[in-house]
Every structure is written in structure tokens, then in C-alpha cells.
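Visitor: There's a structure below that I have some questions on.
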Amino acid sequence: MSRELIVKGSIQDVAAKGDVALALLSAKVALLCDRSSSMIEEARGHQARYELEDDIIKRLQAKYPGQVALVAFSDTAYLCPDGVLPQPNGNTNMLDALRLAGPLADAGLRIILITDGEPSHAESEVIDAARAFRGKLDTIYVGPELSRGADFCKALALSVGGTHSEADLKHGPDLLENNLTRLLLTAGAR
Amino acid sequence: MTFINPYEALALPPDATAEQIKATYRLLAKRYHPDSASNAGHPAVLGMFQQVTEAYDLLSDPDKRRKYDAIRKLLDAKTPDVDDQILGNVGPFRGPLSGSMGSFSFGSMHGFAASSMFFVSNQTVAPKPIITNKTVTSSGNGQITHVSVQLLFSAQMMRTANFNPMGAYAPGMAYVENGLPVGIITRASSSLNLNGDLVLDLEVLVQVSVTLRSQP
């Protein structure tokens with residue numbers, strides 16, 4: 001798989017030759033980015049949902065260096081300290097994403113889930129995992145309107161005292177960027 | 001802001017006890033304290049004092065240490081598909097062999113252990129290099145000493161060990177001989193000789209009271 005090296009402003013970029021774990025502790029938000037197959041669907045012009053998402057997240061990292069930690073999830077979840085998200089493929093394993101986000105939430109990072117779909121696991125399991133967090137979980141739904149996924153995202157955020165917003169990438173990628181910026185800026189001085 | 005691995009700053013293994021952390025900090029803080037007359041005029045030493053103090057602040061607080069360790073664990077966790085993505089050029093000889101050597105500080109590079117002589121990854125005991133040259137230069141006041149050390153990792157040694165020595169000898173890290181941290185690496189460079197052996201040239205800042213011992 002060909003990948004870019006390191007995105008400007010990403011955790012690894014800021015850590016430079018130092019300790020990435022320490023740099024992660026200094027971040028403000030962790031974005032749990034859905035990279036399941038459905039993110040390949042065309043959203044606007046000739047761009048797919050994931051491409052629009054990538055552009056926005058790269059801009060955010062450059063604008064707020066070292067403040068944005070990334071977790072990608074599809075069949076499994078993993079950290080992307082270099083700021084590069086993988087190509088979409090596979091299922092929507094939100095459970096694994098939340099498991100991985102737990103220590104980040106515990107360290108004080110605001111956790112924001114960005115998805116266009118429903119979880120591969122039972123919804124109750126995912127909500128239970130989110131409730132185990134120390135802190136809130138915000139959700140941003142980026143799929144089509146009036147879907148079961150949007151309803152679930154809303155229920156998930158509300159169950160843990162977080163906020164929910166919808167930013168259908170097909171109609172307005174700017175909305176996603178605005179929502180993320182707002183959450184980032186209100187994540188609190190650390 | 002520099003992000004120095006707190007365990008490496010104190011030359012301690014990740015499972016160090018609170019007592020070990022405290023004792024090591026006291027030793028290093030005394031050695032690098034800015035008020036010490038022997039450290040006057042050595043800005044690099046003052047930076048080290050700050051490093052060990054910051055490391056102690058984190059590791060001596062159980063809550064901070066727990067959070068830090070949990071994130072390190074996330075970074076250390078590997079899946080076959082993302083191994084290369086996360087580790088980048090960490091693997092042996094996949095990265096450039098010259099220039100700065102400090103870019104290998106996460107993933108399997110965690111685990112520098114002062115209790116063993118050389119860097120130890122999760123599963124692999126690092127091979128011992130051969131010290132091919134060692135030159136000691138006093139700074140003039142009789143207190144601070146620079147030591148140039150040349151280490152050789154044979155090509156055969158590197159083929160049979162899953163180990164990247166460059167991550168264990170980066171500037172700012174402790175230089176350990178026979179299980180004892182004896183100084184801080186201030187400069188490091190690497191090259192390959194004609195036999196394919198990896199040669200590391202290090203400059204280490206030590207105090208004159210510390211005796212460097214040659215490898216058996």
C-alpha cells in the first residue's frame with residue numbers, strides 16, 4: 001500500500017524525533033475515522049466521502065499542529081500518528097475503535113466519532129463501550145440523511161452526554177470542517 | 001517542544017518501580033544540576049537536567065504514568081496489516097544509515113533497559129556490539145569529560161537479530177555499559193564498512209568520576 005510519509009501537523013510530525021506517546025498526551029482531540037467500504041461512495045463531484053474527509057482532516061492537522069490524534073477503523077482500529085488515514089475497506093468495527101479510544105479519553109482527549117454508517121456489532125454493545133469512557137463522546141454523521149446510522153450516532157452521543165451533528169459530505173463538506181473546528185476549539189486548554 | 005521518552009531520559013525499563021525511579025532521578029538530578037560548579041558552562045548538561053526532571057514529574061505521578069503507559073501500549077500494539085504503516089522505517093536497515101539517528105523512538109523501539117547492557121525490544125535481546133575505539137577528552141576543568149566511542153555491529157550479528165541499534169543510540173539517550181548508565185549521548189552517526197558491518201560513532205558526555213569500562 002502506498003502511503004504518504006507524514007502529514008504536516010500530525011502527532012508524529014510534531015513529535016519529530018521524540019516520543020510519539022508523549023505527543024499524543026498533549027493532543028486535544030482524537031478523531032475516530034470510519035474507513036469502512038461505504039466511505040468509497042461518491043459524495044461530491046468526483047470525490048468520494050473518504051477523500052473529502054481526508055482533505056478536511058489534513059487541513060485541521062496543519063492548522064492545529066499536534067492537537068489532532070487519529071484513529072482509523074474498519075475491520076479493526078488503530079492509531080495513525082503520521083496523520084495518514086488508510087484506504088477504506090471492510091466493516092464498521094466501532095467497538096474496536098472505542099476500545100482503542102479508551103486510554104485517549106482517559107488521558108483527557110475529546111473523542112469524536114466520524115462515520116457514515118451503522119456499527120458491525122450490536123448497538124447496545126457499542127453504547128456500553130462508550131459509557132465506559134471517562135469523558136464524553138461526540139458523533140458526527142457524514143452519510144446520507146434519514147438513515148438508521150444517523151439515528152444510532154445520535155443515540156450513542158446522547159447516551160454519554162456528548163453532542164451529535166450531521167454533515168452529509170455529499171451536500172456540504174464545509175459543515176464537517178466547521179463542526180470539527182468547533183469541537184477542537186472547545187476541547188479546553190490543556 | 002521536545003518529547004523525550006521519560007523512561008529513556010532516566011535510562012530505566014518500562015517496569016521500573018517507584019523506588020527505582022526516585023533513586024535514579026536523584027542520582028541524575030544531582031549529576032546534572034545547574035547549580036553544580038562542575039556543570040557551569042555546559043548548556044547541554046542543563047538541558048539534561050530539564051529532561052530528567054520532566055521525566056520524573058511524569059513517572060513519579062501514578063496517574064500520569066498510568067495514562068502514559070496506556071498510550072504507549074496502544075502504539076506498541078501491532079496488527080500485521082498496519083505494522084509497516086505504524087513503524088515506518090524502524091526495521092533493521094530499512095532506514096537511512098547516516099545522519100541523525102533519533103527518528104526511531106516509537107513502536108518496537110520502546111524498551112530501552114538500563115538493567116541490561118543494550119536496548120531490548122519486547123521479545124528480542126539486543127546483540128552486544130564490539131567497542132572498536134574509545135577516546136576520552138577532558139573539558140579542561142577536570143569534571144566533565146567527552147568520550148568518543150565507536151561500536152561495531154557485525155553484518156552477521158544484524159542478520160540473526162531482530163534489532164535496530166540506531167534507536168538505542170540516539171542523542172539525548174543514556175549510554176549504558178555493563179548495565180550502568182555512564183553518560184548521555186550527545187552526537188551519533190552511523191555508516192557501513194566494506195564488510196557490511198554497521199559502525200556507530202558516538203560522543204558521550206560523562207563525568208570524570210565515572211569510569212568507562214571496555215567490553216570483555
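Letters A, B, ... go to the chains of the C-alpha cells in the order shown; residues in each chain start at 1; ligands are counted from 1 in the same order.
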For chain A, list the residues within 6 Å of chain B, counting only C-alpha atoms, and write the list as a list in words.

Guide: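 Listing them in order of chain and number gives Lys17, Gly18, Asp19, Ala21, Leu22, Pro103 and Ala107 of chain A.
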
Visitor: Dump N, CA and C atoms for the selected residues as a PDB file, in the first residue's frame?

Guide:
```
ATOM      1  N   LYS A  17      11.558  13.687  16.223  1.00  0.00           N
ATOM      2  CA  LYS A  17      12.354  12.508  16.558  1.00  0.00           C
ATOM      3  C   LYS A  17      12.067  12.046  17.978  1.00  0.00           C
ATOM      4  N   GLY A  18      11.104  12.646  18.617  1.00  0.00           N
ATOM      5  CA  GLY A  18      10.836  12.337  20.016  1.00  0.00           C
ATOM      6  C   GLY A  18       9.796  11.252  20.207  1.00  0.00           C
ATOM      7  N   ASP A  19       9.204  11.281  21.377  1.00  0.00           N
ATOM      8  CA  ASP A  19       8.315  10.224  21.833  1.00  0.00           C
ATOM      9  C   ASP A  19       6.875  10.505  21.389  1.00  0.00           C
ATOM     10  N   ALA A  21       4.181   8.844  22.060  1.00  0.00           N
ATOM     11  CA  ALA A  21       3.215   8.667  23.149  1.00  0.00           C
ATOM     12  C   ALA A  21       3.061   9.965  23.946  1.00  0.00           C
ATOM     13  N   LEU A  22       4.164  10.641  24.195  1.00  0.00           N
ATOM     14  CA  LEU A  22       4.093  11.919  24.916  1.00  0.00           C
ATOM     15  C   LEU A  22       3.370  12.962  24.082  1.00  0.00           C
ATOM     16  N   PRO A 103      -8.065   4.689  26.352  1.00  0.00           N
ATOM     17  CA  PRO A 103      -6.920   5.329  27.006  1.00  0.00           C
ATOM     18  C   PRO A 103      -6.733   6.789  26.605  1.00  0.00           C
ATOM     19  N   ALA A 107      -6.896   9.949  29.105  1.00  0.00           N
ATOM     20  CA  ALA A 107      -5.814  10.938  29.188  1.00  0.00           C
ATOM     21  C   ALA A 107      -6.333  12.356  28.966  1.00  0.00           C
TER      22      ALA A 107
END
```

Visitor: Would you give me, as a ChimeraX atom specification, the residues in chain A that DSSP reads as alpha helix (DSSP H)?

Guide: /A:11-15,20-25,49-63,94-106,123-131,148-159,173-185

Visitor: Would you mind listing what lies within 9 Å of Pro65 (chain A) as a JSON list (two decimals) with N, CA and C atoms, in the first residue's frame, with only C-alpha atoms counted and same-chain residues fewer than 2 positions away left out?

Guide:
```json
[["chain", "number", "residue", "atom", "x", "y", "z"],
["A", 8, "LYS", "N", 1.74, 17.06, 7.64],
["A", 8, "LYS", "CA", 2.19, 18.24, 8.39],
["A", 8, "LYS", "C", 1.22, 18.51, 9.55],
["A", 9, "GLY", "N", 1.79, 18.69, 10.72],
["A", 9, "GLY", "CA", 0.97, 18.98, 11.89],
["A", 9, "GLY", "C", 0.44, 17.75, 12.60],
["A", 10, "SER", "N", 0.69, 16.58, 12.03],
["A", 10, "SER", "CA", 0.22, 15.35, 12.68],
["A", 10, "SER", "C", 1.02, 15.12, 13.97],
["A", 11, "ILE", "N", 0.55, 14.18, 14.77],
["A", 11, "ILE", "CA", 1.21, 13.88, 16.03],
["A", 11, "ILE", "C", 2.68, 13.50, 15.80],
["A", 13, "ASP", "N", 4.53, 14.24, 13.26],
["A", 13, "ASP", "CA", 5.26, 15.39, 12.73],
["A", 13, "ASP", "C", 5.70, 16.29, 13.88],
["A", 14, "VAL", "N", 4.81, 16.50, 14.82],
["A", 14, "VAL", "CA", 5.12, 17.36, 15.96],
["A", 14, "VAL", "C", 6.12, 16.68, 16.90],
["A", 27, "ALA", "N", -2.25, 16.07, 22.83],
["A", 27, "ALA", "CA", -3.29, 16.38, 21.84],
["A", 27, "ALA", "C", -4.59, 16.77, 22.54],
["A", 60, "LEU", "N", -7.02, 20.38, 9.08],
["A", 60, "LEU", "CA", -7.13, 20.57, 10.53],
["A", 60, "LEU", "C", -5.79, 20.31, 11.22],
["A", 61, "GLN", "N", -5.12, 19.28, 10.80],
["A", 61, "GLN", "CA", -3.83, 18.94, 11.41],
["A", 61, "GLN", "C", -2.81, 20.05, 11.16],
["A", 62, "ALA", "N", -2.83, 20.59, 9.95],
["A", 62, "ALA", "CA", -1.88, 21.66, 9.64],
["A", 62, "ALA", "C", -2.21, 22.92, 10.42],
["A", 63, "LYS", "N", -3.51, 23.17, 10.61],
["A", 63, "LYS", "CA", -3.93, 24.39, 11.30],
["A", 63, "LYS", "C", -3.73, 24.28, 12.81],
["A", 67, "GLN", "N", -2.52, 18.75, 17.78],
["A", 67, "GLN", "CA", -3.74, 18.74, 18.59],
["A", 67, "GLN", "C", -4.71, 17.64, 18.18],
["A", 68, "VAL", "N", -4.49, 17.05, 17.00],
["A", 68, "VAL", "CA", -5.46, 16.09, 16.46],
["A", 68, "VAL", "C", -4.84, 14.70, 16.36]]
```

Visitor: Please provide as a PDB file with all heavy atoms, in the first residue's frame all residues within 9 Å of Val204 (chain B), with the sequence filter that same-chain residues fewer than 4 positions apart are discarded (counting only C-alpha atoms).

Guide:
```
ATOM      1  N   THR B 145      33.756  15.219  31.000  1.00  0.00           N
ATOM      2  CA  THR B 145      34.594  14.531  30.040  1.00  0.00           C
ATOM      3  C   THR B 145      33.765  14.093  28.837  1.00  0.00           C
ATOM      4  O   THR B 145      32.639  13.636  28.992  1.00  0.00           O
ATOM      5  CB  THR B 145      35.225  13.286  30.690  1.00  0.00           C
ATOM      6  OG1 THR B 145      35.986  13.704  31.805  1.00  0.00           O
ATOM      7  CG2 THR B 145      36.106  12.549  29.712  1.00  0.00           C
ATOM      8  N   HIS B 146      34.319  14.288  27.677  1.00  0.00           N
ATOM      9  CA  HIS B 146      33.690  13.786  26.468  1.00  0.00           C
ATOM     10  C   HIS B 146      34.385  12.489  26.068  1.00  0.00           C
ATOM     11  O   HIS B 146      35.604  12.409  26.093  1.00  0.00           O
ATOM     12  CB  HIS B 146      33.816  14.799  25.327  1.00  0.00           C
ATOM     13  CG  HIS B 146      33.043  16.051  25.578  1.00  0.00           C
ATOM     14  ND1 HIS B 146      31.727  16.191  25.235  1.00  0.00           N
ATOM     15  CD2 HIS B 146      33.402  17.209  26.175  1.00  0.00           C
ATOM     16  CE1 HIS B 146      31.298  17.384  25.595  1.00  0.00           C
ATOM     17  NE2 HIS B 146      32.295  18.026  26.170  1.00  0.00           N
ATOM     18  N   VAL B 147      33.590  11.527  25.715  1.00  0.00           N
ATOM     19  CA  VAL B 147      34.152  10.253  25.293  1.00  0.00           C
ATOM     20  C   VAL B 147      33.637   9.936  23.893  1.00  0.00           C
ATOM     21  O   VAL B 147      32.436   9.997  23.650  1.00  0.00           O
ATOM     22  CB  VAL B 147      33.745   9.115  26.258  1.00  0.00           C
ATOM     23  CG1 VAL B 147      34.330   7.788  25.792  1.00  0.00           C
ATOM     24  CG2 VAL B 147      34.203   9.424  27.666  1.00  0.00           C
ATOM     25  N   SER B 148      34.548   9.667  23.008  1.00  0.00           N
ATOM     26  CA  SER B 148      34.160   9.211  21.668  1.00  0.00           C
ATOM     27  C   SER B 148      34.241   7.692  21.653  1.00  0.00           C
ATOM     28  O   SER B 148      35.278   7.116  22.000  1.00  0.00           O
ATOM     29  CB  SER B 148      35.109   9.788  20.616  1.00  0.00           C
ATOM     30  OG  SER B 148      35.073  11.192  20.666  1.00  0.00           O
ATOM     31  N   VAL B 149      33.155   7.072  21.284  1.00  0.00           N
ATOM     32  CA  VAL B 149      33.112   5.609  21.270  1.00  0.00           C
ATOM     33  C   VAL B 149      32.720   5.143  19.890  1.00  0.00           C
ATOM     34  O   VAL B 149      31.820   5.711  19.263  1.00  0.00           O
ATOM     35  CB  VAL B 149      32.060   5.079  22.282  1.00  0.00           C
ATOM     36  CG1 VAL B 149      32.143   3.557  22.387  1.00  0.00           C
ATOM     37  CG2 VAL B 149      32.240   5.705  23.641  1.00  0.00           C
ATOM     38  N   PRO B 171      20.906  10.729  20.128  1.00  0.00           N
ATOM     39  CA  PRO B 171      21.298  11.831  21.012  1.00  0.00           C
ATOM     40  C   PRO B 171      20.234  12.083  22.076  1.00  0.00           C
ATOM     41  O   PRO B 171      19.039  12.040  21.789  1.00  0.00           O
ATOM     42  CB  PRO B 171      21.413  13.017  20.052  1.00  0.00           C
ATOM     43  CG  PRO B 171      21.747  12.402  18.737  1.00  0.00           C
ATOM     44  CD  PRO B 171      20.971  11.112  18.705  1.00  0.00           C
ATOM     45  N   ALA B 174      20.627   7.761  27.246  1.00  0.00           N
ATOM     46  CA  ALA B 174      21.730   7.361  28.116  1.00  0.00           C
ATOM     47  C   ALA B 174      22.632   6.359  27.392  1.00  0.00           C
ATOM     48  O   ALA B 174      22.148   5.519  26.635  1.00  0.00           O
ATOM     49  CB  ALA B 174      21.182   6.730  29.385  1.00  0.00           C
ATOM     50  N   TYR B 175      23.896   6.467  27.622  1.00  0.00           N
ATOM     51  CA  TYR B 175      24.827   5.466  27.118  1.00  0.00           C
ATOM     52  C   TYR B 175      25.114   4.516  28.275  1.00  0.00           C
ATOM     53  O   TYR B 175      25.520   4.934  29.363  1.00  0.00           O
ATOM     54  CB  TYR B 175      26.117   6.120  26.635  1.00  0.00           C
ATOM     55  CG  TYR B 175      27.140   5.115  26.153  1.00  0.00           C
ATOM     56  CD1 TYR B 175      26.947   4.427  24.968  1.00  0.00           C
ATOM     57  CD2 TYR B 175      28.272   4.845  26.912  1.00  0.00           C
ATOM     58  CE1 TYR B 175      27.870   3.490  24.537  1.00  0.00           C
ATOM     59  CE2 TYR B 175      29.203   3.912  26.494  1.00  0.00           C
ATOM     60  CZ  TYR B 175      28.989   3.239  25.299  1.00  0.00           C
ATOM     61  OH  TYR B 175      29.900   2.307  24.881  1.00  0.00           O
ATOM     62  N   VAL B 182      26.290   5.556  32.021  1.00  0.00           N
ATOM     63  CA  VAL B 182      27.526   6.260  32.349  1.00  0.00           C
ATOM     64  C   VAL B 182      27.596   7.635  31.701  1.00  0.00           C
ATOM     65  O   VAL B 182      28.546   8.378  31.951  1.00  0.00           O
ATOM     66  CB  VAL B 182      28.768   5.437  31.934  1.00  0.00           C
ATOM     67  CG1 VAL B 182      28.879   4.185  32.763  1.00  0.00           C
ATOM     68  CG2 VAL B 182      28.729   5.114  30.457  1.00  0.00           C
ATOM     69  N   GLY B 183      26.632   7.987  30.898  1.00  0.00           N
ATOM     70  CA  GLY B 183      26.663   9.312  30.290  1.00  0.00           C
ATOM     71  C   GLY B 183      25.523   9.471  29.316  1.00  0.00           C
ATOM     72  O   GLY B 183      24.711   8.558  29.138  1.00  0.00           O
ATOM     73  N   ILE B 184      25.461  10.649  28.736  1.00  0.00           N
ATOM     74  CA  ILE B 184      24.400  10.953  27.779  1.00  0.00           C
ATOM     75  C   ILE B 184      25.009  11.093  26.383  1.00  0.00           C
ATOM     76  O   ILE B 184      26.028  11.764  26.208  1.00  0.00           O
ATOM     77  CB  ILE B 184      23.689  12.272  28.157  1.00  0.00           C
ATOM     78  CG1 ILE B 184      23.083  12.171  29.558  1.00  0.00           C
ATOM     79  CG2 ILE B 184      22.617  12.630  27.135  1.00  0.00           C
ATOM     80  CD1 ILE B 184      21.943  11.198  29.704  1.00  0.00           C
ATOM     81  N   ILE B 185      24.380  10.453  25.428  1.00  0.00           N
ATOM     82  CA  ILE B 185      24.849  10.547  24.046  1.00  0.00           C
ATOM     83  C   ILE B 185      24.537  11.941  23.520  1.00  0.00           C
ATOM     84  O   ILE B 185      23.388  12.398  23.582  1.00  0.00           O
ATOM     85  CB  ILE B 185      24.177   9.472  23.169  1.00  0.00           C
ATOM     86  CG1 ILE B 185      24.541   8.070  23.679  1.00  0.00           C
ATOM     87  CG2 ILE B 185      24.572   9.639  21.704  1.00  0.00           C
ATOM     88  CD1 ILE B 185      23.731   6.955  23.056  1.00  0.00           C
ATOM     89  N   THR B 186      25.552  12.632  23.065  1.00  0.00           N
ATOM     90  CA  THR B 186      25.325  13.981  22.548  1.00  0.00           C
ATOM     91  C   THR B 186      25.392  14.029  21.024  1.00  0.00           C
ATOM     92  O   THR B 186      24.892  14.959  20.417  1.00  0.00           O
ATOM     93  CB  THR B 186      26.364  14.970  23.117  1.00  0.00           C
ATOM     94  OG1 THR B 186      27.669  14.466  22.832  1.00  0.00           O
ATOM     95  CG2 THR B 186      26.190  15.130  24.620  1.00  0.00           C
ATOM     96  N   ARG B 187      26.019  13.058  20.428  1.00  0.00           N
ATOM     97  CA  ARG B 187      26.083  13.023  18.966  1.00  0.00           C
ATOM     98  C   ARG B 187      26.208  11.573  18.508  1.00  0.00           C
ATOM     99  O   ARG B 187      26.852  10.769  19.192  1.00  0.00           O
ATOM    100  CB  ARG B 187      27.281  13.839  18.457  1.00  0.00           C
ATOM    101  CG  ARG B 187      27.056  14.391  17.060  1.00  0.00           C
ATOM    102  CD  ARG B 187      28.107  15.397  16.692  1.00  0.00           C
ATOM    103  NE  ARG B 187      29.438  14.829  16.613  1.00  0.00           N
ATOM    104  CZ  ARG B 187      30.522  15.531  16.339  1.00  0.00           C
ATOM    105  NH1 ARG B 187      30.431  16.815  16.130  1.00  0.00           N
ATOM    106  NH2 ARG B 187      31.698  14.957  16.267  1.00  0.00           N
ATOM    107  N   ALA B 188      25.603  11.269  17.382  1.00  0.00           N
ATOM    108  CA  ALA B 188      25.667   9.896  16.887  1.00  0.00           C
ATOM    109  C   ALA B 188      25.610   9.894  15.375  1.00  0.00           C
ATOM    110  O   ALA B 188      24.885  10.675  14.769  1.00  0.00           O
ATOM    111  CB  ALA B 188      24.499   9.082  17.452  1.00  0.00           C
TER     112      ALA B 188
END
```

Visitor: Using only C-alpha atoms, find the one residue out of A:Val71, A:Met94, A:Ala48, A:Ile57 that sits nearest to Leu24 (chain A).

Guide: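 The shortest atom-to-atom distance to Leu24 (chain A) comes from A:Val71.
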
Visitor: Using DSSP secondary structure from the backbone, list all strand (DSSP E or B) positions within region 34-115 of chain A, as a ChimeraX atom specification.

Guide: /A:34,42-44,47-48,68-73,77-79,110-115

Visitor: Do you have the CA of Ser159 (chain A)-CA of Asp75 (chain A) distance handy?

Guide: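 According to the coordinates, CA of Ser159 (chain A) and CA of Asp75 (chain A) are separated by 24.2 Å.
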
Visitor: Nearest residue to Gln20 (chain B) out of B:Leu59, B:Met48, B:Arg65, B:Ser38, using only C-alpha atoms?

Guide: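 Between B:Leu59, B:Met48, B:Arg65, B:Ser38, the residue approaching Gln20 (chain B) most closely is B:Leu59.
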
Visitor: Would you kindly return, as a PyMOL selection string, each protein, DNA or RNA residue with an atom no farther than 8 Å from any atom of Gly117 (chain A), considering only C-alpha atoms and excluding same-chain residues fewer than 3 positions away?

Guide: chain A and resi 38+92+141+143+148-150

Visitor: Those same residues, written as a short mmCIF file (atom, residue, chain, number, x, y, z; two decimals), in the first residue's frame with C-alpha atoms?

Guide:
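Output below, filename part03.cif:
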```cif
data_model
loop_
_atom_site.label_atom_id
_atom_site.label_comp_id
_atom_site.auth_asym_id
_atom_site.auth_seq_id
_atom_site.Cartn_x
_atom_site.Cartn_y
_atom_site.Cartn_z
CA SER A 38 -19.04 2.59 2.33
CA THR A 92 -17.53 -0.74 10.67
CA TYR A 141 -22.63 11.55 10.94
CA GLY A 143 -23.69 9.75 5.43
CA ARG A 148 -30.53 4.26 10.59
CA GLY A 149 -26.84 5.17 11.00
CA ALA A 150 -27.68 8.78 11.79
#
```

Visitor: Rounded to one decimal place, report the CA of Tyr32 (chain B)-CA of Ser189 (chain B) distance in Å.

Guide: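 Straight-line distance from CA of Tyr32 (chain B) to CA of Ser189 (chain B) works out to 24.5 Å.
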
Visitor: Can you list, as an MDAnalysis selection string, every protein, DNA or RNA residue that comes within 8 Å of Thr163 (chain A) when you count only C-alpha atoms, leaving out same-chain residues fewer than 6 positions away?

Guide: chainID A and resid 137:139 154 157

Visitor: Would you export the selected residues with C-alpha atoms as an mmCIF file, in the first residue's frame, please?

Guide:
```cif
data_model
loop_
_atom_site.group_PDB
_atom_site.id
_atom_site.type_symbol
_atom_site.label_atom_id
_atom_site.label_comp_id
_atom_site.auth_asym_id
_atom_site.auth_seq_id
_atom_site.Cartn_x
_atom_site.Cartn_y
_atom_site.Cartn_z
ATOM 1 C CA LEU A 137 -18.149 11.095 23.074
ATOM 2 C CA ASP A 138 -19.240 13.385 20.263
ATOM 3 C CA THR A 139 -20.501 11.988 16.992
ATOM 4 C CA LYS A 154 -27.385 10.459 17.835
ATOM 5 C CA ALA A 157 -23.710 10.605 21.688
#
```

Visitor: Excluding same-chain residues fewer than 4 positions from Arg99 (chain A), what lies within 12 Å of it counting only C-alpha atoms, as a ChimeraX atom specification?

Guide: /A:32,71,73,76-79,93-95,103-106,111,125-133 /B:70,74

Visitor: Kindly save the residues from that selection, with N, CA, C and O atoms included, as a JSON list (two decimals), in the first residue's frame.

Guide:
```json
[["chain", "number", "residue", "atom", "x", "y", "z"],
["A", 32, "LEU", "N", -12.12, 9.46, 15.64],
["A", 32, "LEU", "CA", -12.28, 8.06, 15.26],
["A", 32, "LEU", "C", -12.89, 8.06, 13.86],
["A", 32, "LEU", "O", -14.07, 8.40, 13.70],
["A", 71, "VAL", "N", -7.59, 7.97, 14.85],
["A", 71, "VAL", "CA", -7.79, 6.52, 14.95],
["A", 71, "VAL", "C", -8.63, 6.12, 13.73],
["A", 71, "VAL", "O", -9.70, 6.68, 13.51],
["A", 73, "PHE", "N", -10.72, 3.15, 11.70],
["A", 73, "PHE", "CA", -11.32, 1.84, 11.98],
["A", 73, "PHE", "C", -12.11, 1.35, 10.79],
["A", 73, "PHE", "O", -12.76, 2.11, 10.08],
["A", 76, "THR", "N", -10.76, -3.52, 11.94],
["A", 76, "THR", "CA", -10.11, -3.28, 13.24],
["A", 76, "THR", "C", -9.80, -1.79, 13.34],
["A", 76, "THR", "O", -10.00, -1.05, 12.38],
["A", 77, "ALA", "N", -9.30, -1.41, 14.48],
["A", 77, "ALA", "CA", -8.97, 0.01, 14.67],
["A", 77, "ALA", "C", -7.50, 0.15, 15.03],
["A", 77, "ALA", "O", -6.92, -0.74, 15.65],
["A", 78, "TYR", "N", -6.90, 1.26, 14.61],
["A", 78, "TYR", "CA", -5.52, 1.51, 15.01],
["A", 78, "TYR", "C", -5.21, 3.00, 14.91],
["A", 78, "TYR", "O", -5.87, 3.75, 14.18],
["A", 79, "LEU", "N", -4.22, 3.39, 15.66],
["A", 79, "LEU", "CA", -3.79, 4.77, 15.66],
["A", 79, "LEU", "C", -3.06, 5.11, 14.37],
["A", 79, "LEU", "O", -2.34, 4.27, 13.82],
["A", 93, "ASN", "N", -16.20, -1.49, 12.51],
["A", 93, "ASN", "CA", -15.96, -2.01, 13.85],
["A", 93, "ASN", "C", -15.80, -0.87, 14.87],
["A", 93, "ASN", "O", -14.70, -0.55, 15.31],
["A", 94, "MET", "N", -16.92, -0.26, 15.22],
["A", 94, "MET", "CA", -16.89, 0.85, 16.18],
["A", 94, "MET", "C", -16.44, 0.39, 17.56],
["A", 94, "MET", "O", -15.84, 1.14, 18.32],
["A", 95, "LEU", "N", -16.75, -0.86, 17.85],
["A", 95, "LEU", "CA", -16.39, -1.40, 19.17],
["A", 95, "LEU", "C", -14.88, -1.35, 19.37],
["A", 95, "LEU", "O", -14.39, -0.94, 20.42],
["A", 103, "PRO", "N", -8.06, 4.69, 26.35],
["A", 103, "PRO", "CA", -6.92, 5.33, 27.01],
["A", 103, "PRO", "C", -6.73, 6.79, 26.60],
["A", 103, "PRO", "O", -6.24, 7.59, 27.39],
["A", 104, "LEU", "N", -7.14, 7.12, 25.39],
["A", 104, "LEU", "CA", -7.01, 8.52, 24.94],
["A", 104, "LEU", "C", -8.02, 9.39, 25.69],
["A", 104, "LEU", "O", -7.70, 10.51, 26.11],
["A", 105, "ALA", "N", -9.23, 8.86, 25.85],
["A", 105, "ALA", "CA", -10.25, 9.60, 26.61],
["A", 105, "ALA", "C", -9.81, 9.73, 28.07],
["A", 105, "ALA", "O", -9.96, 10.79, 28.68],
["A", 106, "ASP", "N", -9.24, 8.68, 28.59],
["A", 106, "ASP", "CA", -8.77, 8.69, 29.97],
["A", 106, "ASP", "C", -7.68, 9.75, 30.17],
["A", 106, "ASP", "O", -7.57, 10.35, 31.23],
["A", 111, "ILE", "N", -13.11, 12.79, 22.45],
["A", 111, "ILE", "CA", -13.24, 11.75, 21.42],
["A", 111, "ILE", "C", -14.40, 12.10, 20.48],
["A", 111, "ILE", "O", -15.52, 12.36, 20.93],
["A", 125, "GLU", "N", -23.97, -3.00, 22.51],
["A", 125, "GLU", "CA", -22.57, -3.24, 22.90],
["A", 125, "GLU", "C", -21.73, -1.98, 22.70],
["A", 125, "GLU", "O", -20.88, -1.64, 23.52],
["A", 126, "VAL", "N", -21.99, -1.30, 21.61],
["A", 126, "VAL", "CA", -21.22, -0.09, 21.30],
["A", 126, "VAL", "C", -21.55, 1.01, 22.32],
["A", 126, "VAL", "O", -20.65, 1.71, 22.81],
["A", 127, "ILE", "N", -22.79, 1.13, 22.65],
["A", 127, "ILE", "CA", -23.19, 2.14, 23.64],
["A", 127, "ILE", "C", -22.57, 1.82, 25.01],
["A", 127, "ILE", "O", -22.08, 2.71, 25.70],
["A", 128, "ASP", "N", -22.56, 0.55, 25.36],
["A", 128, "ASP", "CA", -21.93, 0.16, 26.63],
["A", 128, "ASP", "C", -20.45, 0.52, 26.64],
["A", 128, "ASP", "O", -19.91, 0.97, 27.66],
["A", 129, "ALA", "N", -19.79, 0.28, 25.50],
["A", 129, "ALA", "CA", -18.36, 0.59, 25.41],
["A", 129, "ALA", "C", -18.13, 2.09, 25.57],
["A", 129, "ALA", "O", -17.18, 2.52, 26.23],
["A", 130, "ALA", "N", -19.01, 2.89, 24.99],
["A", 130, "ALA", "CA", -18.88, 4.35, 25.10],
["A", 130, "ALA", "C", -19.13, 4.81, 26.53],
["A", 130, "ALA", "O", -18.50, 5.76, 27.01],
["A", 131, "ARG", "N", -20.02, 4.14, 27.20],
["A", 131, "ARG", "CA", -20.35, 4.52, 28.59],
["A", 131, "ARG", "C", -19.16, 4.25, 29.52],
["A", 131, "ARG", "O", -19.09, 4.83, 30.60],
["A", 132, "ALA", "N", -18.29, 3.35, 29.10],
["A", 132, "ALA", "CA", -17.13, 3.03, 29.93],
["A", 132, "ALA", "C", -16.09, 4.14, 29.87],
["A", 132, "ALA", "O", -15.13, 4.15, 30.64],
["A", 133, "PHE", "N", -16.27, 5.07, 28.94],
["A", 133, "PHE", "CA", -15.33, 6.18, 28.80],
["A", 133, "PHE", "C", -15.32, 7.07, 30.01],
["A", 133, "PHE", "O", -16.32, 7.25, 30.67],
["B", 70, "ALA", "N", -0.51, 3.55, 29.12],
["B", 70, "ALA", "CA", -1.63, 3.02, 28.33],
["B", 70, "ALA", "C", -1.51, 3.46, 26.87],
["B", 70, "ALA", "O", -1.79, 2.69, 25.95],
["B", 74, "LEU", "N", -0.83, 1.27, 23.34],
["B", 74, "LEU", "CA", -1.60, 1.37, 22.08],
["B", 74, "LEU", "C", -0.65, 1.46, 20.89],
["B", 74, "LEU", "O", -0.88, 0.85, 19.86]]
```

Visitor: So which one's closest to Val52 (chain B), B:Ser36, B:Thr24, B:Asn193, B:Thr17? Using only C-alpha atoms, please.

Guide: B:Thr24

Visitor: So how far away is CA of Thr115 (chain A) from CA of Ala97 (chain A), in Å?

Guide: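 Interatomic distance here is 11.4 Å.
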
Visitor: Looking at only C-alpha atoms, which of A:Ser147, A:Ser26, A:Thr181, A:Thr186 is the one that sits closest to Asp168 (chain A)?

Guide: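 Result for the nearest residue to Asp168 (chain A): A:Ser147.
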